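*Asks:* Following this line is start-v1.cif, made up of mmCIF, C-alpha atoms:
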data_model
loop_
_atom_site.group_PDB
_atom_site.id
_atom_site.type_symbol
_atom_site.label_atom_id
_atom_site.label_comp_id
_atom_site.auth_asym_id
_atom_site.auth_seq_id
_atom_site.Cartn_x
_atom_site.Cartn_y
_atom_site.Cartn_z
ATOM 1 C CA MET A 1 10.919 98.312 75.668
ATOM 2 C CA GLY A 2 14.581 97.328 75.667
ATOM 3 C CA ASN A 3 15.593 100.959 75.192
ATOM 4 C CA LEU A 4 13.399 102.028 78.142
ATOM 5 C CA LEU A 5 15.051 99.401 80.373
ATOM 6 C CA CYS A 6 18.543 100.284 78.988
ATOM 7 C CA CYS A 7 18.952 96.679 77.674
ATOM 8 C CA VAL A 8 20.165 95.673 74.204
ATOM 9 C CA GLN A 9 20.412 92.244 72.578
ATOM 10 C CA VAL A 10 23.290 91.240 70.313
ATOM 11 C CA ASP A 11 22.683 88.175 68.108
ATOM 12 C CA GLN A 12 25.100 85.304 67.512
ATOM 13 C CA SER A 13 27.896 85.941 64.930
ATOM 14 C CA THR A 14 27.257 89.663 65.350
ATOM 15 C CA VAL A 15 28.852 92.450 67.398
ATOM 16 C CA ALA A 16 27.387 95.811 68.366
ATOM 17 C CA ILE A 17 29.205 99.146 68.390
ATOM 18 C CA THR A 18 28.395 101.511 71.257
ATOM 19 C CA GLU A 19 29.083 105.235 71.538
ATOM 20 C CA GLN A 20 28.924 107.753 74.386
ATOM 21 C CA PHE A 21 27.944 111.241 73.334
ATOM 22 C CA GLY A 22 28.889 110.334 69.743
ATOM 23 C CA LYS A 23 32.316 108.904 70.553
ATOM 24 C CA TYR A 24 33.265 105.251 70.096
ATOM 25 C CA GLN A 25 33.007 103.457 73.401
ATOM 26 C CA ASP A 26 33.037 99.652 73.088
ATOM 27 C CA VAL A 27 32.237 96.515 71.084
ATOM 28 C CA LEU A 28 29.463 94.387 72.538
ATOM 29 C CA GLN A 29 29.672 90.624 72.065
ATOM 30 C CA PRO A 30 26.582 88.391 71.491
ATOM 31 C CA GLY A 31 24.203 88.389 74.421
ATOM 32 C CA CYS A 32 22.224 90.873 76.554
ATOM 33 C CA HIS A 33 23.866 94.127 77.629
ATOM 34 C CA CYS A 34 22.861 97.133 79.749
ATOM 35 C CA LEU A 35 23.227 100.438 77.946
ATOM 36 C CA PRO A 36 22.205 103.442 80.090
ATOM 37 C CA TRP A 37 21.044 105.880 77.471
ATOM 38 C CA PHE A 38 20.531 108.633 80.050
ATOM 39 C CA LEU A 39 24.305 108.735 80.534
ATOM 40 C CA GLY A 40 24.862 109.383 76.843
ATOM 41 C CA PHE A 41 25.348 105.764 75.731
ATOM 42 C CA GLN A 42 23.777 104.702 72.493
ATOM 43 C CA LEU A 43 23.954 101.839 70.002
ATOM 44 C CA ALA A 44 25.780 102.976 66.843
ATOM 45 C CA GLY A 45 25.056 99.811 64.874
ATOM 46 C CA HIS A 46 25.671 96.099 64.339
ATOM 47 C CA LEU A 47 28.457 94.364 62.424
ATOM 48 C CA SER A 48 28.108 90.808 61.102
ATOM 49 C CA LEU A 49 31.035 88.427 61.600
ATOM 50 C CA ARG A 50 29.728 85.872 59.109
ATOM 51 C CA VAL A 51 31.583 85.048 55.890
ATOM 52 C CA GLN A 52 30.150 87.071 53.025
ATOM 53 C CA GLN A 53 30.613 86.619 49.294
ATOM 54 C CA LEU A 54 30.980 89.196 46.584
ATOM 55 C CA ASP A 55 30.993 88.281 42.864
ATOM 56 C CA VAL A 56 32.880 90.779 40.719
ATOM 57 C CA ARG A 57 32.650 90.774 36.901
ATOM 58 C CA CYS A 58 35.557 92.559 35.253
ATOM 59 C CA GLU A 59 36.008 93.152 31.509
ATOM 60 C CA THR A 60 39.559 93.395 30.274
ATOM 61 C CA LYS A 61 41.769 92.619 27.262
ATOM 62 C CA THR A 62 44.389 89.912 26.873
ATOM 63 C CA LYS A 63 47.845 90.240 25.361
ATOM 64 C CA ASP A 64 46.573 88.925 22.008
ATOM 65 C CA ASN A 65 43.808 91.599 21.953
ATOM 66 C CA VAL A 66 40.850 89.441 22.972
ATOM 67 C CA PHE A 67 38.243 90.993 25.270
ATOM 68 C CA VAL A 68 37.191 88.715 28.127
ATOM 69 C CA ASN A 69 34.912 88.931 31.150
ATOM 70 C CA VAL A 70 36.621 87.581 34.260
ATOM 71 C CA VAL A 71 34.303 86.693 37.158
ATOM 72 C CA ALA A 72 35.961 86.639 40.588
ATOM 73 C CA SER A 73 34.257 85.391 43.745
ATOM 74 C CA ILE A 74 35.574 87.032 46.951
ATOM 75 C CA GLN A 75 34.772 85.519 50.340
ATOM 76 C CA TYR A 76 35.502 87.844 53.271
ATOM 77 C CA ARG A 77 34.468 88.618 56.851
ATOM 78 C CA ALA A 78 34.980 91.241 59.525
ATOM 79 C CA LEU A 79 37.424 90.488 62.370
ATOM 80 C CA ALA A 80 35.960 90.640 65.867
ATOM 81 C CA ASP A 81 39.120 92.188 67.373
ATOM 82 C CA LYS A 82 39.100 94.926 64.712
ATOM 83 C CA ALA A 83 35.367 95.535 64.647
ATOM 84 C CA ASN A 84 35.747 99.269 65.312
ATOM 85 C CA ASP A 85 38.011 99.645 62.220
ATOM 86 C CA ALA A 86 35.608 97.597 60.073
ATOM 87 C CA PHE A 87 32.649 99.702 61.260
ATOM 88 C CA TYR A 88 34.139 103.211 61.110
ATOM 89 C CA ARG A 89 36.872 103.209 58.469
ATOM 90 C CA LEU A 90 34.850 101.950 55.491
ATOM 91 C CA THR A 91 31.499 103.209 54.292
ATOM 92 C CA ASN A 92 31.248 100.909 51.219
ATOM 93 C CA THR A 93 33.081 97.659 51.823
ATOM 94 C CA LYS A 94 31.893 95.956 48.632
ATOM 95 C CA GLY A 95 32.838 98.937 46.488
ATOM 96 C CA GLN A 96 36.319 98.982 48.021
ATOM 97 C CA ILE A 97 36.850 95.250 47.366
ATOM 98 C CA GLN A 98 35.535 95.599 43.829
ATOM 99 C CA ALA A 99 38.001 98.404 43.096
ATOM 100 C CA TYR A 100 40.971 96.311 44.212
ATOM 101 C CA VAL A 101 39.757 93.313 42.188
ATOM 102 C CA PHE A 102 39.454 95.482 39.056
ATOM 103 C CA ASP A 103 42.942 96.871 39.603
ATOM 104 C CA VAL A 104 44.654 93.481 39.982
ATOM 105 C CA ILE A 105 42.792 91.714 37.160
ATOM 106 C CA ARG A 106 43.334 94.560 34.696
ATOM 107 C CA ALA A 107 47.027 94.568 35.600
ATOM 108 C CA SER A 108 47.504 90.789 35.308
ATOM 109 C CA VAL A 109 45.363 89.609 32.365
ATOM 110 C CA PRO A 110 46.817 92.022 29.709
ATOM 111 C CA LYS A 111 50.201 90.321 30.236
ATOM 112 C CA LEU A 112 48.836 86.918 29.168
ATOM 113 C CA ASN A 113 47.496 85.403 25.955
ATOM 114 C CA LEU A 114 43.967 84.028 26.007
ATOM 115 C CA ASP A 115 45.034 80.383 26.390
ATOM 116 C CA ASP A 116 47.397 81.341 29.212
ATOM 117 C CA VAL A 117 44.569 83.136 31.051
ATOM 118 C CA PHE A 118 42.660 79.847 31.265
ATOM 119 C CA GLU A 119 45.764 77.937 32.339
ATOM 120 C CA GLN A 120 46.902 80.491 34.946
ATOM 121 C CA LYS A 121 43.572 81.447 36.492
ATOM 122 C CA ASN A 122 44.760 80.133 39.871
ATOM 123 C CA ASP A 123 47.754 82.480 39.720
ATOM 124 C CA ILE A 124 45.418 85.396 38.949
ATOM 125 C CA ALA A 125 43.180 84.441 41.885
ATOM 126 C CA ARG A 126 46.220 84.266 44.177
ATOM 127 C CA ALA A 127 47.402 87.698 43.068
ATOM 128 C CA VAL A 128 43.942 89.169 43.740
ATOM 129 C CA GLU A 129 43.810 87.527 47.168
ATOM 130 C CA ASP A 130 47.272 88.770 48.167
ATOM 131 C CA GLU A 131 46.453 92.343 47.159
ATOM 132 C CA LEU A 132 43.082 92.292 48.937
ATOM 133 C CA GLU A 133 44.619 90.753 52.068
ATOM 134 C CA LYS A 134 47.170 93.550 52.341
ATOM 135 C CA ALA A 135 44.628 96.279 51.681
ATOM 136 C CA MET A 136 41.603 95.062 53.643
ATOM 137 C CA SER A 137 43.450 93.902 56.792
ATOM 138 C CA ALA A 138 44.021 97.556 57.636
ATOM 139 C CA TYR A 139 40.254 98.063 57.647
ATOM 140 C CA GLY A 140 39.486 95.109 59.920
ATOM 141 C CA TYR A 141 38.521 92.564 57.233
ATOM 142 C CA GLU A 142 39.920 89.126 56.475
ATOM 143 C CA ILE A 143 39.936 87.669 52.944
ATOM 144 C CA VAL A 144 38.915 84.020 53.396
ATOM 145 C CA GLN A 145 39.262 82.884 49.777
ATOM 146 C CA THR A 146 39.388 84.264 46.254
ATOM 147 C CA LEU A 147 38.265 82.231 43.233
ATOM 148 C CA ILE A 148 38.228 82.933 39.509
ATOM 149 C CA VAL A 149 34.942 81.179 38.731
ATOM 150 C CA ASP A 150 34.516 82.073 35.069
ATOM 151 C CA ILE A 151 36.415 83.423 32.059
ATOM 152 C CA GLU A 152 34.140 84.422 29.196
ATOM 153 C CA PRO A 153 35.732 85.488 25.878
ATOM 154 C CA ASP A 154 33.771 87.392 23.273
ATOM 155 C CA GLU A 155 31.092 85.253 21.594
ATOM 156 C CA HIS A 156 32.815 85.385 18.176
ATOM 157 C CA VAL A 157 36.125 84.337 19.728
ATOM 158 C CA LYS A 158 34.426 81.494 21.568
ATOM 159 C CA ARG A 159 32.835 80.264 18.333
ATOM 160 C CA ALA A 160 36.204 80.437 16.536
ATOM 161 C CA MET A 161 37.896 78.469 19.338
ATOM 162 C CA ASN A 162 35.225 75.778 19.099
ATOM 163 C CA GLU A 163 35.681 75.572 15.327
ATOM 164 C CA ILE A 164 39.459 75.226 15.708
ATOM 165 C CA ASN A 165 38.990 72.472 18.268
ATOM 166 C CA ALA A 166 36.441 70.693 16.061
ATOM 167 C CA ALA A 167 38.762 70.924 13.024
ATOM 168 C CA ALA A 168 41.664 69.489 15.028
ATOM 169 C CA ARG A 169 39.534 66.579 16.216
ATOM 170 C CA MET A 170 38.275 65.906 12.667
ATOM 171 C CA ARG A 171 41.859 65.917 11.371
ATOM 172 C CA LEU A 172 42.867 63.447 14.080
ATOM 173 C CA ALA A 173 39.876 61.243 13.266
ATOM 174 C CA ALA A 174 40.768 61.343 9.536
ATOM 175 C CA ASN A 175 44.355 60.316 10.305
ATOM 176 C CA GLU A 176 43.172 57.434 12.468
ATOM 177 C CA LYS A 177 40.718 56.316 9.772
ATOM 178 C CA ALA A 178 43.404 56.450 7.070
ATOM 179 C CA GLU A 179 45.789 54.470 9.263
ATOM 180 C CA ALA A 180 43.096 51.852 9.870
ATOM 181 C CA GLU A 181 42.377 51.570 6.123
ATOM 182 C CA LYS A 182 46.106 51.249 5.453
ATOM 183 C CA ILE A 183 46.367 48.376 7.919
ATOM 184 C CA LEU A 184 43.321 46.680 6.345
ATOM 185 C CA GLN A 185 44.803 46.975 2.853
ATOM 186 C CA ILE A 186 48.129 45.572 4.043
ATOM 187 C CA LYS A 187 46.440 42.663 5.766
ATOM 188 C CA ARG A 188 44.228 42.047 2.726
ATOM 189 C CA ALA A 189 47.270 42.052 0.415
ATOM 190 C CA GLU A 190 49.130 39.698 2.748
ATOM 191 C CA GLY A 191 46.101 37.396 2.778
ATOM 192 C CA GLU A 192 45.836 37.423 -1.021
ATOM 193 C CA ALA A 193 49.554 36.726 -1.387
ATOM 194 C CA GLU A 194 49.324 33.822 1.046
ATOM 195 C CA SER A 195 46.238 32.522 -0.749
ATOM 196 C CA LYS A 196 47.947 32.669 -4.151
ATOM 197 C CA TYR A 197 51.036 31.014 -2.731
ATOM 198 C CA LEU A 198 48.995 28.145 -1.314
ATOM 199 C CA SER A 199 46.976 27.920 -4.538
ATOM 200 C CA GLY A 200 50.198 27.688 -6.528
ATOM 201 C CA LEU A 201 51.460 24.926 -4.259
ATOM 202 C CA GLY A 202 48.187 23.052 -4.785
ATOM 203 C CA ILE A 203 48.333 23.389 -8.570
ATOM 204 C CA ALA A 204 51.978 22.314 -8.629
ATOM 205 C CA ARG A 205 51.210 19.232 -6.532
ATOM 206 C CA GLN A 206 48.202 18.441 -8.717
ATOM 207 C CA ARG A 207 50.297 18.572 -11.865
ATOM 208 C CA GLN A 208 53.012 16.515 -10.207
ATOM 209 C CA ALA A 209 50.430 13.897 -9.301
ATOM 210 C CA ILE A 210 49.141 13.840 -12.880
ATOM 211 C CA VAL A 211 52.657 13.416 -14.253
ATOM 212 C CA ASP A 212 53.377 10.642 -11.753
ATOM 213 C CA GLY A 213 50.128 8.890 -12.664
ATOM 214 C CA LEU A 214 50.843 9.115 -16.382
ATOM 215 C CA ARG A 215 54.323 7.740 -15.882
ATOM 216 C CA ASP A 216 53.027 4.814 -13.840
ATOM 217 C CA SER A 217 50.353 4.127 -16.467
ATOM 218 C CA VAL A 218 52.859 4.127 -19.316
ATOM 219 C CA LEU A 219 55.256 1.850 -17.475
ATOM 220 C CA GLY A 220 52.498 -0.541 -16.403
ATOM 221 C CA PHE A 221 50.953 -0.712 -19.883
ATOM 222 C CA SER A 222 54.378 -1.388 -21.524
ATOM 223 C CA VAL A 223 55.063 -4.213 -19.095
ATOM 224 C CA ASN A 224 51.650 -5.858 -19.354
ATOM 225 C CA VAL A 225 51.238 -5.518 -23.137
ATOM 226 C CA PRO A 226 54.329 -6.801 -24.941
ATOM 227 C CA GLY A 227 55.315 -5.124 -28.174
ATOM 228 C CA THR A 228 53.982 -1.646 -27.276
ATOM 229 C CA SER A 229 56.208 1.381 -27.035
ATOM 230 C CA ALA A 230 55.967 4.417 -24.794
ATOM 231 C CA LYS A 231 54.806 6.458 -27.822
ATOM 232 C CA ASP A 232 51.836 4.139 -28.377
ATOM 233 C CA VAL A 233 50.834 4.398 -24.734
ATOM 234 C CA MET A 234 51.074 8.249 -24.787
ATOM 235 C CA ASP A 235 48.908 8.413 -27.902
ATOM 236 C CA MET A 236 46.264 6.300 -26.230
ATOM 237 C CA VAL A 237 46.400 8.395 -22.993
ATOM 238 C CA LEU A 238 46.060 11.638 -24.960
ATOM 239 C CA LEU A 239 43.141 10.176 -26.909
ATOM 240 C CA THR A 240 41.419 9.172 -23.673
ATOM 241 C CA GLN A 241 41.931 12.623 -22.140
ATOM 242 C CA TYR A 242 40.680 14.229 -25.334
ATOM 243 C CA PHE A 243 37.394 12.326 -25.194
ATOM 244 C CA ASP A 244 37.043 13.035 -21.458
ATOM 245 C CA THR A 245 37.457 16.737 -22.144
ATOM 246 C CA MET A 246 34.865 16.730 -24.927
ATOM 247 C CA LYS A 247 32.474 14.899 -22.592
ATOM 248 C CA GLU A 248 32.869 17.502 -19.825
ATOM 249 C CA ILE A 249 32.363 20.389 -22.243
ATOM 250 C CA GLY A 250 29.176 18.822 -23.552
ATOM 251 C CA ALA A 251 27.849 17.989 -20.067
ATOM 252 C CA SER A 252 28.296 21.512 -18.665
ATOM 253 C CA SER A 253 25.270 23.759 -19.286
ATOM 254 C CA LYS A 254 27.262 26.968 -18.698
ATOM 255 C CA SER A 255 30.185 26.188 -20.943
ATOM 256 C CA SER A 256 30.922 28.512 -23.828
ATOM 257 C CA ALA A 257 30.986 27.092 -27.365
ATOM 258 C CA VAL A 258 34.343 25.588 -28.248
ATOM 259 C CA PHE A 259 35.092 24.663 -31.864
ATOM 260 C CA LEU A 260 37.747 22.013 -32.328
ATOM 261 C CA PRO A 261 38.626 19.863 -35.339
ATOM 262 C CA HIS A 262 37.149 16.446 -34.647
ATOM 263 C CA GLY A 263 37.965 13.044 -36.053
ATOM 264 C CA PRO A 264 40.667 10.352 -35.761
ATOM 265 C CA GLY A 265 43.038 12.436 -37.850
ATOM 266 C CA ALA A 266 42.368 15.439 -35.633
ATOM 267 C CA VAL A 267 43.167 13.393 -32.551
ATOM 268 C CA ARG A 268 46.429 12.302 -34.163
ATOM 269 C CA ASP A 269 47.237 15.928 -35.014
ATOM 270 C CA VAL A 270 46.516 17.026 -31.403
ATOM 271 C CA ALA A 271 48.744 14.251 -30.069
ATOM 272 C CA SER A 272 51.502 15.220 -32.499
ATOM 273 C CA GLN A 273 51.250 18.866 -31.480
ATOM 274 C CA ILE A 274 51.425 18.076 -27.740
ATOM 275 C CA ARG A 275 54.319 15.649 -28.241
ATOM 276 C CA ASP A 276 56.207 18.122 -30.466
ATOM 277 C CA GLY A 277 55.662 20.840 -27.874
ATOM 278 C CA LEU A 278 57.045 18.660 -25.092
ATOM 279 C CA LEU A 279 60.061 17.654 -27.217
ATOM 280 C CA GLN A 280 60.720 21.287 -28.172
ATOM 281 C CA ALA A 281 60.510 22.362 -24.506
ATOM 282 C CA SER A 282 62.955 19.597 -23.565
ATOM 283 C CA THR A 283 65.364 20.657 -26.337
ATOM 284 C CA GLU A 284 65.309 24.329 -25.243
ATOM 285 C CA HIS A 285 66.063 23.360 -21.652
#
As structure tokens, what does this structure read like?

*Replies:*
Amino acid sequence: MGNLLCCVQVDQSTVAITEQFGKYQDVLQPGCHCLPWFLGFQLAGHLSLRVQQLDVRCETKTKDNVFVNVVASIQYRALADKANDAFYRLTNTKGQIQAYVFDVIRASVPKLNLDDVFEQKNDIARAVEDELEKAMSAYGYEIVQTLIVDIEPDEHVKRAMNEINAAARMRLAANEKAEAEKILQIKRAEGEAESKYLSGLGIARQRQAIVDGLRDSVLGFSVNVPGTSAKDVMDMVLLTQYFDTMKEIGASSKSSAVFLPHGPGAVRDVASQIRDGLLQASTEH
């Protein structure tokens, strides 16, 4: 009906290309237009001005001989003021863009090692965008944005990279664990040394207290009992300690069997041995 009335409708974000007797005539903007077909005018076609996206997957090889699939996402649109160039000069816009993407990626990636490809993907995307901008502007298209959305190495290479990463993390964890154990051992040794030091101080003070008590006992006994000598007092103290020791050994249920010579003569021999040992120690010092 629109053709019979010579009226055409152009939708929003779209332009229409008109011809007269097969020759380009004009670009129609969105809205309703009169197109007298009986004068040779006809509608050649429509051109969308919306942003379109093309995903290009390109396989190439890196400098260290690793095959990778690089996926580039190209966002582009036709320019309204160059609609006639965009409509007439290209028959396969997507194929043209894909060819330029292949050319730039296969020229850039082989110069880089695999790790550098991941690090410099923004530089690769910028190089692709610059090349497409220069090439496609002549055909009436604008490159809105170019993104490198994925870099996929070969499956075996990917598995090897994961294993290397896992090994590095395990080595780091082992080092941290060893360092922690080292610190624990140092702290444990410092604690044991401090404990032994304090224990030694306690034993030394205990022995000093015993010596002081014995000395006070000897002096007090000599003063209160006339006619006794220090030797007599020491013999009596040793005899008392001897019986106390025998009592403790007998009272303890977990004590091992201890065989000692027993009797008054034995006590005198023990006292003589202790006294001789003390005298000998004093002589040597």

*Asks:* Measuring atom to atom with all atoms listed in the file, identify which of A:Leu90, A:Val70, A:Leu43, A:Cys34 is nearest to A:Ala138.

*Replies:* A:Leu90

*Asks:* For stretch 77-88 of chain A, work out the shell of residues within 6 Å, counting all atoms listed in the file and skipping chain neighbours fewer than 3 positions away, then give it as a short mmCIF file (atom, residue, chain, number, x, y, z; two decimals) with C-alpha atoms, in the frame of the given file.

*Replies:*
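Full text of selection_37.cif as output:
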data_model
loop_
_atom_site.label_atom_id
_atom_site.label_comp_id
_atom_site.auth_asym_id
_atom_site.auth_seq_id
_atom_site.Cartn_x
_atom_site.Cartn_y
_atom_site.Cartn_z
CA LEU A 49 31.04 88.43 61.60
CA ARG A 50 29.73 85.87 59.11
CA VAL A 51 31.58 85.05 55.89
CA GLN A 52 30.15 87.07 53.02
CA TYR A 139 40.25 98.06 57.65
CA GLY A 140 39.49 95.11 59.92
CA TYR A 141 38.52 92.56 57.23
CA GLU A 142 39.92 89.13 56.48
#

*Asks:* Of the residues A:Ser73, A:Gln9, A:Val66, A:Ala193, which is the one nearest to A:His156, using only C-alpha atoms?

*Replies:* A:Val66

*Asks:* Expand the PyMOL selection byres ((chain A and resi 12-14) around 6) into the explicit residue set it covers here, and present it as a list in words.

*Replies:*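 Listing what the PyMOL selection byres ((chain A and resi 12-14) around 6) selects in the shown file: Asp11, Val15, Pro30, Leu47, Ser48 and Leu49 of chain A.
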
*Asks:* Residues at most 9 Å from A:Glu131, counting all atoms listed in the file, excluding those fewer than 6 positions away in the same chain, as a list in words?

*Replies:*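 Neighbouring residues, sequence-local ones excluded: Tyr100, Val101 and Val104 of chain A.
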
*Asks:* Quick one: stretch 101-133 of chain A from the block, C-alpha atoms, as a PDB file, in the first residue's frame.

*Replies:*
ATOM      1  CA  VAL A 101      41.650  -8.501  13.058  1.00  0.00           C
ATOM      2  CA  PHE A 102      43.428 -11.665  11.858  1.00  0.00           C
ATOM      3  CA  ASP A 103      46.166  -9.591  10.245  1.00  0.00           C
ATOM      4  CA  VAL A 104      46.918  -7.475  13.331  1.00  0.00           C
ATOM      5  CA  ILE A 105      46.732 -10.306  15.881  1.00  0.00           C
ATOM      6  CA  ARG A 106      48.919 -12.633  13.814  1.00  0.00           C
ATOM      7  CA  ALA A 107      51.447  -9.820  13.419  1.00  0.00           C
ATOM      8  CA  SER A 108      51.508  -8.837  17.111  1.00  0.00           C
ATOM      9  CA  VAL A 109      51.238 -12.069  19.141  1.00  0.00           C
ATOM     10  CA  PRO A 110      54.223 -13.917  17.511  1.00  0.00           C
ATOM     11  CA  LYS A 111      56.485 -11.150  18.872  1.00  0.00           C
ATOM     12  CA  LEU A 112      55.517 -11.919  22.486  1.00  0.00           C
ATOM     13  CA  ASN A 113      56.009 -14.822  24.883  1.00  0.00           C
ATOM     14  CA  LEU A 114      52.907 -16.453  26.318  1.00  0.00           C
ATOM     15  CA  ASP A 115      53.094 -14.639  29.671  1.00  0.00           C
ATOM     16  CA  ASP A 116      53.586 -11.320  27.879  1.00  0.00           C
ATOM     17  CA  VAL A 117      50.475 -11.940  25.748  1.00  0.00           C
ATOM     18  CA  PHE A 118      48.362 -12.045  28.915  1.00  0.00           C
ATOM     19  CA  GLU A 119      50.062  -8.958  30.336  1.00  0.00           C
ATOM     20  CA  GLN A 120      49.876  -6.903  27.118  1.00  0.00           C
ATOM     21  CA  LYS A 121      46.407  -7.831  25.892  1.00  0.00           C
ATOM     22  CA  ASN A 122      45.330  -4.182  26.169  1.00  0.00           C
ATOM     23  CA  ASP A 123      48.176  -3.175  23.849  1.00  0.00           C
ATOM     24  CA  ILE A 124      47.068  -5.837  21.350  1.00  0.00           C
ATOM     25  CA  ALA A 125      43.473  -4.579  21.532  1.00  0.00           C
ATOM     26  CA  ARG A 126      44.667  -1.007  20.951  1.00  0.00           C
ATOM     27  CA  ALA A 127      46.701  -2.053  17.922  1.00  0.00           C
ATOM     28  CA  VAL A 128      43.680  -3.867  16.450  1.00  0.00           C
ATOM     29  CA  GLU A 129      41.449  -0.852  17.077  1.00  0.00           C
ATOM     30  CA  ASP A 130      43.895   1.597  15.479  1.00  0.00           C
ATOM     31  CA  GLU A 131      44.249  -0.548  12.360  1.00  0.00           C
ATOM     32  CA  LEU A 132      40.487  -1.068  12.038  1.00  0.00           C
ATOM     33  CA  GLU A 133      39.804   2.642  12.588  1.00  0.00           C
TER      34      GLU A 133
END
